[in-house]
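Chemist: Just dropping this structure here.
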Amino acid sequence: MFAKCCGTTTLGVDGQIIDVEVDVASGLPAFDMVGLPDTMVKEAKERVRTAVKNSGIKIMPQKVTVNLAPAGIRKDSPGLDLPIAVGLLAAYGVLPQTSIENYLFSGELSLEGQLRAVPGILPMAIKARERGFKAFFVASDNVNEALLVDGLTVYSVSTLKELVDFLNHKVQWEPAVHTDEVEESQEEMLEDFADVQGQFVAKRAFEIAAAGGHNILLVGSPGAGKTMLARRLNSILPEMTMKEALEVTKIYSVSGLLKKNSGLITRRPFRSPHHTTSSVAMIGGGSIPHPGEVSLSHNGVLFLDELPEFSKQTLEALRQPLEDGVVSIARVNASLTFPSRILLCCSMNPCPCGYYNDPEKQCDCSLQEIKRYNRKISGPLLDRIDIHIRVPRVSYKELTTTEQAESSVTIRKRVVAARERQLKRLEKYGIVCNAQMTGSILKKTCIVTKEAQKILRTAFIEKKLSARSYDRLKKVAQTIADLDGSDEITGVHIAEAIQLRNDIGINWE
């Protein structure tokens, strides 16, 4: 007897509907699975067979063939356990075919027939709504995630036996609703710029970076406060829109990083991978590509501490996502694109010992060692970082002052106001901040005064800037103008943008 039901998996950060076709025929007992199942899915036959038995459902040993269509896509989700079990029971006649039509199933089965949560439920639920399924059956721990999608009926399943009774109309269920025990998807941000004494130039640079979404590089001696400043960047970024929050939650759902009973991620991500991180872990990959640190930082901050300590291959892999806002990964089994619109924040020492150009401590490094250390950061990568600033030591007077520093809340208000100006100007182009502007959009939207253009021309010639550096200077200047509430880029705005790109006091040649 033949039966068919629908399951789902993920492909990149999107859901993928899988048709589970099951045929039960007479012959020697066997359980064959075709349709490019991964090892995880191949093992489903043992989980399904044992779960059915331990649920008190008796079926005769026969020749079973399961096809997962479309056959050209490799399947690697344990969530296919449940649709395989449902299809098998329908093929044996335990469930009527009509009772499973237009329903979508996802869940991992334990050997005793209980349902476990699986990653990627949010993009699966979005795909279920797009395809018009009547209902989506998921494990209890996945319910709140599935309910993030409006207009989709979701049922909570605890055991296979309960689901069989429901589909046979022996019991009645009510659709699931949000529980009151939704956990916070991210911890409360405790860092505040009010705790940072001094560092006025660095704070100003962070305000500009947050307002325009600009990448920033901090250079300074050990203990100057680079990491402390970077960890406070999230506290002045504007809140995510609903669209941005859904994008981030989808990525974390596919990666299996959402907590139990987690809802929508509303805080911008802040990722700080160790410098031993490989290029695959940074960018994403695997036989079936999965998101890396760059995509996990989408719509948030990627902080790379001790930048020169990262491998050259890992750093060079960042060039495409910084430029395009996406990561394209090609493998034999699939070619996928992951979103990676990030604010890159990097920190580094100016030399191996850390005290080059330090006014108080003597540097022990030779000129050759300093050049070799700084050349670990390639010119093309450095060119994609809009703001380069030096973080000096904090003086004893600044450290012990009782005067209250400006809080993140105050800074954030100015950042939000600047972002609102940008959104009003750029919304028709489908972007939200100055850093996302292309060269053509820059020419159409930015008004540069004659005085500012003269300063920009001088800087371009004297500093031998690239076309990319020229555009990025204008973008930073536009953000400074937005913070000032100006409709034009003046000479003052250009001068500050130039200073913020050349404030590190290092010869990169």
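Order determines the names: the first chain of the structure tokens is A, the second B, and so forth; residues in each chain are numbered 1 upward, and ligands are numbered 1 upward as they are shown.
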Write out as a VMD selection string the residues lying within 7 Å of region 445-453 of chain A, counting only C-alpha atoms and excluding same-chain residues fewer than 5 positions away.

Modeler: chain A and resid 478 488 to 491 494

Chemist: Enumerate as a list in words all residues of region 308-381 of chain A assigned to strand (DSSP E) by DSSP on the backbone, naming them with the chain letters and numbers the document uses.

Modeler: Val326, Val327, Ser328, Ile329, Ala330, Ser335, Leu336, Thr337, Phe338, Pro339, Leu343, Leu344, Cys345, Cys346, Ser347 and Met348 of chain A

Chemist: Which of these residues is nearest to Asp165 (chain A), using only C-alpha atoms: A:Val86, A:Ile441, A:Leu336, A:Met348?

Modeler: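 When distances to Asp165 (chain A) are compared using only C-alpha atoms, the smallest one comes from A:Val86.
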
Chemist: Please, what distance in Å, to one decimal, runs between CA of Thr50 (chain A) and CA of Val22 (chain A)?

Modeler: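 Interatomic distance here is 17.3 Å.
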
Chemist: Just list as a compact mmCIF listing (two decimals) with all heavy atoms, in the first residue's frame whatever in region 271-420 of chain A DSSP marks as helix (DSSP H, G or I).

Modeler:
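Once everything was written out, this is result.txt:
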```txt
# COMPACT_ATOMS: atom_id res chain seq x y z
N SER A 279 38.48 29.57 9.01
CA SER A 279 37.72 30.32 8.00
C SER A 279 36.34 29.71 7.78
O SER A 279 35.37 30.43 7.53
CB SER A 279 38.50 30.36 6.68
OG SER A 279 38.75 29.06 6.20
N VAL A 280 36.23 28.38 7.90
CA VAL A 280 34.92 27.72 7.74
C VAL A 280 33.99 28.11 8.88
O VAL A 280 32.81 28.41 8.67
CB VAL A 280 35.08 26.19 7.67
CG1 VAL A 280 33.72 25.51 7.69
CG2 VAL A 280 35.85 25.80 6.42
N ALA A 281 34.51 28.13 10.12
CA ALA A 281 33.69 28.53 11.25
C ALA A 281 33.30 30.01 11.16
O ALA A 281 32.22 30.40 11.60
CB ALA A 281 34.44 28.27 12.56
N MET A 282 34.17 30.82 10.58
CA MET A 282 33.88 32.24 10.46
C MET A 282 32.85 32.52 9.37
O MET A 282 31.89 33.27 9.58
CB MET A 282 35.17 33.00 10.15
CG MET A 282 35.01 34.52 10.07
SD MET A 282 34.67 35.29 11.66
CE MET A 282 36.32 35.22 12.38
N ILE A 283 33.02 31.90 8.22
CA ILE A 283 32.17 32.20 7.06
C ILE A 283 30.98 31.26 6.96
O ILE A 283 29.90 31.63 6.51
CB ILE A 283 33.00 32.14 5.76
CG1 ILE A 283 34.11 33.19 5.81
CG2 ILE A 283 32.14 32.37 4.54
CD1 ILE A 283 33.62 34.60 5.97
N GLU A 293 30.12 32.50 11.85
CA GLU A 293 30.07 33.64 12.76
C GLU A 293 29.61 34.91 12.07
O GLU A 293 28.93 35.74 12.67
CB GLU A 293 31.45 33.86 13.39
CG GLU A 293 31.88 32.78 14.37
CD GLU A 293 31.04 32.79 15.64
OE1 GLU A 293 30.44 33.84 15.95
OE2 GLU A 293 30.98 31.75 16.31
N VAL A 294 29.98 35.08 10.80
CA VAL A 294 29.59 36.28 10.08
C VAL A 294 28.07 36.36 9.94
O VAL A 294 27.47 37.42 10.13
CB VAL A 294 30.28 36.32 8.69
CG1 VAL A 294 29.72 37.45 7.85
CG2 VAL A 294 31.78 36.51 8.85
N SER A 295 27.45 35.24 9.61
CA SER A 295 25.99 35.23 9.47
C SER A 295 25.29 35.29 10.82
O SER A 295 24.21 35.87 10.95
CB SER A 295 25.53 33.98 8.71
OG SER A 295 26.02 34.01 7.38
N LEU A 296 25.90 34.70 11.86
CA LEU A 296 25.33 34.78 13.20
C LEU A 296 25.39 36.21 13.74
O LEU A 296 24.70 36.54 14.70
CB LEU A 296 26.06 33.83 14.15
CG LEU A 296 25.86 32.34 13.88
CD1 LEU A 296 26.80 31.50 14.74
CD2 LEU A 296 24.42 31.92 14.13
N LEU A 307 43.17 41.41 16.22
CA LEU A 307 42.96 41.15 14.79
C LEU A 307 44.13 40.46 14.09
O LEU A 307 43.92 39.51 13.33
CB LEU A 307 42.61 42.46 14.08
CG LEU A 307 42.16 42.36 12.62
CD1 LEU A 307 40.85 41.59 12.51
CD2 LEU A 307 42.01 43.75 12.01
N PRO A 308 45.39 40.88 14.30
CA PRO A 308 46.49 40.23 13.58
C PRO A 308 46.72 38.77 13.96
O PRO A 308 47.43 38.06 13.26
CB PRO A 308 47.72 41.08 13.96
CG PRO A 308 47.17 42.39 14.43
CD PRO A 308 45.87 42.05 15.08
N GLU A 309 46.13 38.33 15.08
CA GLU A 309 46.31 36.94 15.51
C GLU A 309 45.43 35.97 14.73
O GLU A 309 45.64 34.76 14.77
CB GLU A 309 46.04 36.81 17.01
CG GLU A 309 46.91 37.70 17.89
CD GLU A 309 48.39 37.45 17.68
OE1 GLU A 309 48.77 36.29 17.42
OE2 GLU A 309 49.17 38.42 17.76
N LYS A 312 45.48 34.50 8.17
CA LYS A 312 45.30 35.33 6.97
C LYS A 312 44.11 34.84 6.14
O LYS A 312 43.33 35.64 5.62
CB LYS A 312 46.58 35.31 6.13
CG LYS A 312 46.54 36.26 4.94
CD LYS A 312 47.87 36.29 4.22
CE LYS A 312 47.84 37.26 3.05
NZ LYS A 312 47.63 38.65 3.48
N GLN A 313 43.95 33.52 6.05
CA GLN A 313 42.85 32.95 5.28
C GLN A 313 41.50 33.36 5.87
O GLN A 313 40.56 33.70 5.14
CB GLN A 313 42.97 31.43 5.25
CG GLN A 313 41.90 30.74 4.40
CD GLN A 313 42.02 29.23 4.41
OE1 GLN A 313 42.77 28.67 5.20
NE2 GLN A 313 41.29 28.57 3.54
N THR A 314 41.41 33.36 7.20
CA THR A 314 40.16 33.74 7.86
C THR A 314 39.84 35.21 7.62
O THR A 314 38.69 35.57 7.32
CB THR A 314 40.26 33.47 9.37
OG1 THR A 314 40.49 32.09 9.59
CG2 THR A 314 38.98 33.88 10.09
N LEU A 315 40.84 36.07 7.72
CA LEU A 315 40.62 37.50 7.53
C LEU A 315 40.26 37.83 6.09
O LEU A 315 39.36 38.64 5.83
CB LEU A 315 41.85 38.29 7.96
CG LEU A 315 42.18 38.28 9.46
CD1 LEU A 315 43.42 39.11 9.74
CD2 LEU A 315 41.01 38.79 10.28
N GLU A 316 40.94 37.20 5.14
CA GLU A 316 40.67 37.49 3.73
C GLU A 316 39.27 37.00 3.33
O GLU A 316 38.66 37.55 2.42
CB GLU A 316 41.73 36.85 2.84
CG GLU A 316 43.11 37.46 3.00
CD GLU A 316 43.10 38.97 2.82
OE1 GLU A 316 42.71 39.45 1.73
OE2 GLU A 316 43.47 39.68 3.77
N ARG A 319 36.29 39.58 3.22
CA ARG A 319 36.19 40.67 2.24
C ARG A 319 34.86 40.67 1.49
O ARG A 319 34.24 41.72 1.31
CB ARG A 319 37.37 40.60 1.27
CG ARG A 319 38.66 41.05 1.90
CD ARG A 319 39.92 40.57 1.20
NE ARG A 319 40.00 41.00 -0.18
CZ ARG A 319 41.06 40.81 -0.96
NH1 ARG A 319 42.12 40.19 -0.47
NH2 ARG A 319 41.06 41.22 -2.21
N GLN A 320 34.39 39.50 1.05
CA GLN A 320 33.13 39.45 0.32
C GLN A 320 31.93 39.86 1.18
O GLN A 320 31.14 40.71 0.78
CB GLN A 320 32.89 38.08 -0.29
CG GLN A 320 31.64 38.03 -1.17
CD GLN A 320 30.88 36.71 -1.08
OE1 GLN A 320 31.34 35.77 -0.45
NE2 GLN A 320 29.73 36.64 -1.71
N PRO A 321 31.76 39.27 2.38
CA PRO A 321 30.61 39.68 3.18
C PRO A 321 30.63 41.16 3.58
O PRO A 321 29.58 41.79 3.69
CB PRO A 321 30.68 38.77 4.42
CG PRO A 321 32.03 38.18 4.42
CD PRO A 321 32.47 38.13 2.99
N LEU A 322 31.81 41.73 3.81
CA LEU A 322 31.89 43.14 4.15
C LEU A 322 31.45 44.02 2.98
O LEU A 322 30.86 45.08 3.18
CB LEU A 322 33.31 43.52 4.58
CG LEU A 322 33.78 43.01 5.94
CD1 LEU A 322 35.22 43.43 6.20
CD2 LEU A 322 32.87 43.50 7.06
N GLU A 323 31.74 43.57 1.78
CA GLU A 323 31.40 44.35 0.60
C GLU A 323 29.96 44.13 0.14
O GLU A 323 29.25 45.08 -0.21
CB GLU A 323 32.36 44.00 -0.53
CG GLU A 323 32.33 44.97 -1.70
CD GLU A 323 32.93 46.32 -1.36
OE1 GLU A 323 33.75 46.40 -0.42
OE2 GLU A 323 32.58 47.30 -2.03
N ASP A 324 29.53 42.86 0.15
CA ASP A 324 28.23 42.51 -0.44
C ASP A 324 27.11 42.33 0.57
O ASP A 324 25.93 42.35 0.19
CB ASP A 324 28.37 41.22 -1.25
CG ASP A 324 29.41 41.34 -2.36
OD1 ASP A 324 29.66 42.48 -2.80
OD2 ASP A 324 29.97 40.31 -2.77
N LEU A 367 61.78 48.06 13.79
CA LEU A 367 60.91 48.58 12.73
C LEU A 367 60.43 47.47 11.82
O LEU A 367 59.28 47.46 11.38
CB LEU A 367 61.66 49.66 11.93
CG LEU A 367 60.84 50.41 10.87
CD1 LEU A 367 59.67 51.13 11.53
CD2 LEU A 367 61.73 51.39 10.13
N GLN A 368 61.29 46.50 11.56
CA GLN A 368 60.93 45.37 10.71
C GLN A 368 59.84 44.52 11.35
O GLN A 368 58.90 44.06 10.69
CB GLN A 368 62.17 44.52 10.41
CG GLN A 368 61.98 43.49 9.30
CD GLN A 368 61.67 44.12 7.96
OE1 GLN A 368 62.16 45.21 7.65
NE2 GLN A 368 60.83 43.47 7.18
N GLU A 369 59.96 44.30 12.65
CA GLU A 369 58.94 43.52 13.37
C GLU A 369 57.60 44.23 13.36
O GLU A 369 56.55 43.59 13.20
CB GLU A 369 59.39 43.29 14.82
CG GLU A 369 60.51 42.29 14.98
CD GLU A 369 60.99 42.19 16.41
OE1 GLU A 369 60.96 43.22 17.14
OE2 GLU A 369 61.39 41.09 16.82
N ILE A 370 57.62 45.55 13.52
CA ILE A 370 56.37 46.33 13.51
C ILE A 370 55.70 46.24 12.15
O ILE A 370 54.49 46.03 12.04
CB ILE A 370 56.66 47.80 13.89
CG1 ILE A 370 57.16 47.88 15.34
CG2 ILE A 370 55.40 48.65 13.73
CD1 ILE A 370 57.65 49.25 15.74
N LYS A 371 56.50 46.40 11.09
CA LYS A 371 55.94 46.33 9.74
C LYS A 371 55.38 44.94 9.45
O LYS A 371 54.29 44.80 8.88
CB LYS A 371 57.01 46.69 8.71
CG LYS A 371 57.33 48.18 8.65
CD LYS A 371 58.29 48.48 7.51
CE LYS A 371 58.53 49.98 7.38
NZ LYS A 371 59.44 50.30 6.26
N ARG A 372 56.12 43.90 9.86
CA ARG A 372 55.66 42.53 9.61
C ARG A 372 54.35 42.26 10.36
O ARG A 372 53.44 41.61 9.84
CB ARG A 372 56.73 41.54 10.06
CG ARG A 372 56.44 40.10 9.65
CD ARG A 372 57.47 39.12 10.17
NE ARG A 372 58.82 39.51 9.79
CZ ARG A 372 59.77 39.84 10.65
NH1 ARG A 372 59.51 39.85 11.96
NH2 ARG A 372 60.98 40.18 10.24
N TYR A 373 54.24 42.77 11.57
CA TYR A 373 53.04 42.58 12.39
C TYR A 373 51.83 43.27 11.75
O TYR A 373 50.75 42.69 11.63
CB TYR A 373 53.30 43.15 13.78
CG TYR A 373 52.17 42.96 14.77
CD1 TYR A 373 51.95 41.74 15.38
CD2 TYR A 373 51.32 44.02 15.10
CE1 TYR A 373 50.92 41.57 16.30
CE2 TYR A 373 50.29 43.86 16.01
CZ TYR A 373 50.10 42.63 16.61
OH TYR A 373 49.08 42.46 17.51
N ASN A 374 52.02 44.51 11.30
CA ASN A 374 50.90 45.27 10.73
C ASN A 374 50.51 44.77 9.35
O ASN A 374 49.36 44.93 8.93
CB ASN A 374 51.26 46.75 10.66
CG ASN A 374 51.29 47.40 12.04
OD1 ASN A 374 50.50 47.04 12.89
ND2 ASN A 374 52.22 48.31 12.26
N GLY A 379 45.79 45.31 2.83
CA GLY A 379 45.24 46.59 2.40
C GLY A 379 43.77 46.52 1.99
O GLY A 379 42.97 47.36 2.39
N PRO A 380 43.38 45.51 1.18
CA PRO A 380 41.96 45.41 0.79
C PRO A 380 41.01 45.26 1.97
O PRO A 380 39.91 45.80 1.95
CB PRO A 380 41.94 44.16 -0.10
CG PRO A 380 43.32 44.08 -0.66
CD PRO A 380 44.21 44.56 0.43
N LEU A 381 41.43 44.51 3.01
CA LEU A 381 40.57 44.38 4.19
C LEU A 381 40.51 45.69 4.95
O LEU A 381 39.44 46.14 5.36
CB LEU A 381 41.09 43.26 5.10
CG LEU A 381 40.33 43.07 6.41
CD1 LEU A 381 38.87 42.69 6.14
CD2 LEU A 381 40.98 42.00 7.28
N LEU A 382 41.67 46.34 5.13
CA LEU A 382 41.72 47.61 5.85
C LEU A 382 40.91 48.68 5.13
O LEU A 382 40.28 49.53 5.76
CB LEU A 382 43.18 48.05 5.99
CG LEU A 382 43.47 49.18 6.97
CD1 LEU A 382 43.20 48.72 8.40
CD2 LEU A 382 44.89 49.67 6.82
N ASP A 383 40.89 48.59 3.80
CA ASP A 383 40.15 49.55 2.99
C ASP A 383 38.64 49.46 3.23
O ASP A 383 37.91 50.40 2.96
CB ASP A 383 40.46 49.31 1.51
CG ASP A 383 40.41 50.59 0.70
OD1 ASP A 383 40.64 51.66 1.27
OD2 ASP A 383 40.14 50.50 -0.52
N TYR A 396 45.32 58.97 35.12
CA TYR A 396 44.86 58.73 36.50
C TYR A 396 43.73 59.69 36.86
O TYR A 396 42.77 59.32 37.53
CB TYR A 396 46.03 58.90 37.47
CG TYR A 396 45.64 58.68 38.92
CD1 TYR A 396 45.49 57.40 39.43
CD2 TYR A 396 45.40 59.77 39.78
CE1 TYR A 396 45.11 57.19 40.74
CE2 TYR A 396 45.01 59.57 41.09
CZ TYR A 396 44.88 58.27 41.56
OH TYR A 396 44.50 58.07 42.87
N LYS A 397 43.86 60.93 36.40
CA LYS A 397 42.83 61.94 36.70
C LYS A 397 41.48 61.54 36.10
O LYS A 397 40.44 61.64 36.75
CB LYS A 397 43.27 63.29 36.16
CG LYS A 397 42.30 64.42 36.46
CD LYS A 397 42.81 65.75 35.92
CE LYS A 397 41.81 66.86 36.19
NZ LYS A 397 42.29 68.17 35.64
N GLU A 398 41.50 61.06 34.85
CA GLU A 398 40.26 60.63 34.20
C GLU A 398 39.69 59.39 34.88
O GLU A 398 38.46 59.26 35.03
CB GLU A 398 40.53 60.32 32.73
CG GLU A 398 40.82 61.53 31.87
CD GLU A 398 41.23 61.16 30.46
OE1 GLU A 398 41.85 60.09 30.29
OE2 GLU A 398 40.92 61.93 29.52
N LEU A 399 40.56 58.50 35.30
CA LEU A 399 40.13 57.24 35.90
C LEU A 399 39.47 57.44 37.26
O LEU A 399 38.56 56.69 37.65
CB LEU A 399 41.34 56.30 36.04
CG LEU A 399 41.06 54.81 36.26
CD1 LEU A 399 40.28 54.23 35.10
CD2 LEU A 399 42.37 54.06 36.45
N THR A 400 39.91 58.45 38.00
CA THR A 400 39.42 58.65 39.37
C THR A 400 38.41 59.78 39.49
O THR A 400 37.97 60.10 40.59
CB THR A 400 40.60 58.93 40.31
OG1 THR A 400 41.34 60.07 39.83
CG2 THR A 400 41.52 57.72 40.39
N SER A 408 24.85 55.35 27.80
CA SER A 408 24.49 54.76 26.51
C SER A 408 23.11 55.21 26.07
O SER A 408 22.86 55.38 24.86
CB SER A 408 24.52 53.23 26.61
OG SER A 408 25.84 52.76 26.80
N VAL A 409 22.20 55.43 27.01
CA VAL A 409 20.84 55.87 26.66
C VAL A 409 20.88 57.21 25.97
O VAL A 409 20.19 57.44 24.95
CB VAL A 409 19.95 55.93 27.92
CG1 VAL A 409 18.61 56.55 27.60
CG2 VAL A 409 19.77 54.54 28.52
N THR A 410 21.69 58.12 26.48
CA THR A 410 21.80 59.46 25.89
C THR A 410 22.41 59.39 24.49
O THR A 410 21.91 60.03 23.56
CB THR A 410 22.66 60.36 26.79
OG1 THR A 410 22.10 60.40 28.10
CG2 THR A 410 22.73 61.77 26.23
N ILE A 411 23.48 58.62 24.37
CA ILE A 411 24.13 58.48 23.06
C ILE A 411 23.17 57.82 22.07
O ILE A 411 23.08 58.22 20.90
CB ILE A 411 25.42 57.66 23.19
CG1 ILE A 411 26.41 58.35 24.14
CG2 ILE A 411 26.07 57.45 21.82
CD1 ILE A 411 27.64 57.53 24.47
N ARG A 412 22.46 56.82 22.56
CA ARG A 412 21.56 56.07 21.68
C ARG A 412 20.45 56.95 21.11
O ARG A 412 20.03 56.75 19.96
CB ARG A 412 20.94 54.91 22.47
CG ARG A 412 20.16 53.94 21.62
CD ARG A 412 19.59 52.84 22.48
NE ARG A 412 19.05 51.75 21.70
CZ ARG A 412 18.46 50.69 22.20
NH1 ARG A 412 18.38 50.55 23.51
NH2 ARG A 412 17.98 49.75 21.43
N LYS A 413 19.99 57.93 21.86
CA LYS A 413 18.95 58.83 21.35
C LYS A 413 19.44 59.58 20.13
O LYS A 413 18.71 59.76 19.15
CB LYS A 413 18.53 59.81 22.46
CG LYS A 413 17.70 59.19 23.57
CD LYS A 413 17.36 60.21 24.63
CE LYS A 413 16.55 59.57 25.76
NZ LYS A 413 16.25 60.55 26.84
N ARG A 414 20.70 60.02 20.16
CA ARG A 414 21.26 60.73 19.00
C ARG A 414 21.44 59.77 17.83
O ARG A 414 21.22 60.14 16.67
CB ARG A 414 22.60 61.38 19.37
CG ARG A 414 22.48 62.46 20.44
CD ARG A 414 23.73 63.31 20.49
NE ARG A 414 24.92 62.56 20.90
CZ ARG A 414 25.34 62.46 22.14
NH1 ARG A 414 24.68 63.05 23.13
NH2 ARG A 414 26.44 61.77 22.44
N VAL A 415 21.85 58.54 18.13
CA VAL A 415 22.03 57.53 17.09
C VAL A 415 20.70 57.23 16.40
O VAL A 415 20.61 57.17 15.16
CB VAL A 415 22.63 56.24 17.68
CG1 VAL A 415 22.57 55.10 16.68
CG2 VAL A 415 24.08 56.47 18.10
N VAL A 416 19.65 57.05 17.18
CA VAL A 416 18.32 56.75 16.64
C VAL A 416 17.82 57.91 15.77
O VAL A 416 17.25 57.69 14.69
CB VAL A 416 17.33 56.43 17.77
CG1 VAL A 416 15.91 56.36 17.24
CG2 VAL A 416 17.70 55.13 18.46
N ALA A 417 18.04 59.14 16.24
CA ALA A 417 17.61 60.31 15.45
C ALA A 417 18.33 60.36 14.11
O ALA A 417 17.72 60.65 13.07
CB ALA A 417 17.87 61.59 16.25
N ALA A 418 19.64 60.05 14.12
CA ALA A 418 20.41 60.04 12.87
C ALA A 418 19.93 58.91 11.95
O ALA A 418 19.83 59.09 10.73
CB ALA A 418 21.89 59.89 13.17
N ARG A 419 19.63 57.76 12.53
CA ARG A 419 19.14 56.62 11.72
C ARG A 419 17.78 56.96 11.08
O ARG A 419 17.50 56.54 9.96
CB ARG A 419 19.00 55.38 12.59
CG ARG A 419 20.29 54.65 12.89
CD ARG A 419 20.80 53.86 11.70
NE ARG A 419 22.00 53.12 12.02
CZ ARG A 419 22.07 51.80 12.10
NH1 ARG A 419 21.01 51.06 11.88
NH2 ARG A 419 23.22 51.20 12.38
N GLU A 420 16.96 57.69 11.80
CA GLU A 420 15.64 58.07 11.26
C GLU A 420 15.81 58.98 10.04
O GLU A 420 15.06 58.88 9.06
CB GLU A 420 14.81 58.74 12.34
CG GLU A 420 14.30 57.76 13.40
CD GLU A 420 13.59 58.44 14.55
OE1 GLU A 420 13.63 59.70 14.61
OE2 GLU A 420 13.01 57.74 15.40
```

Chemist: Of the residues A:Asn168, A:Asn502, A:Asn261, A:Ser328, which is the one nearest to Gly93 (chain A), using only C-alpha atoms?

Modeler: A:Asn168
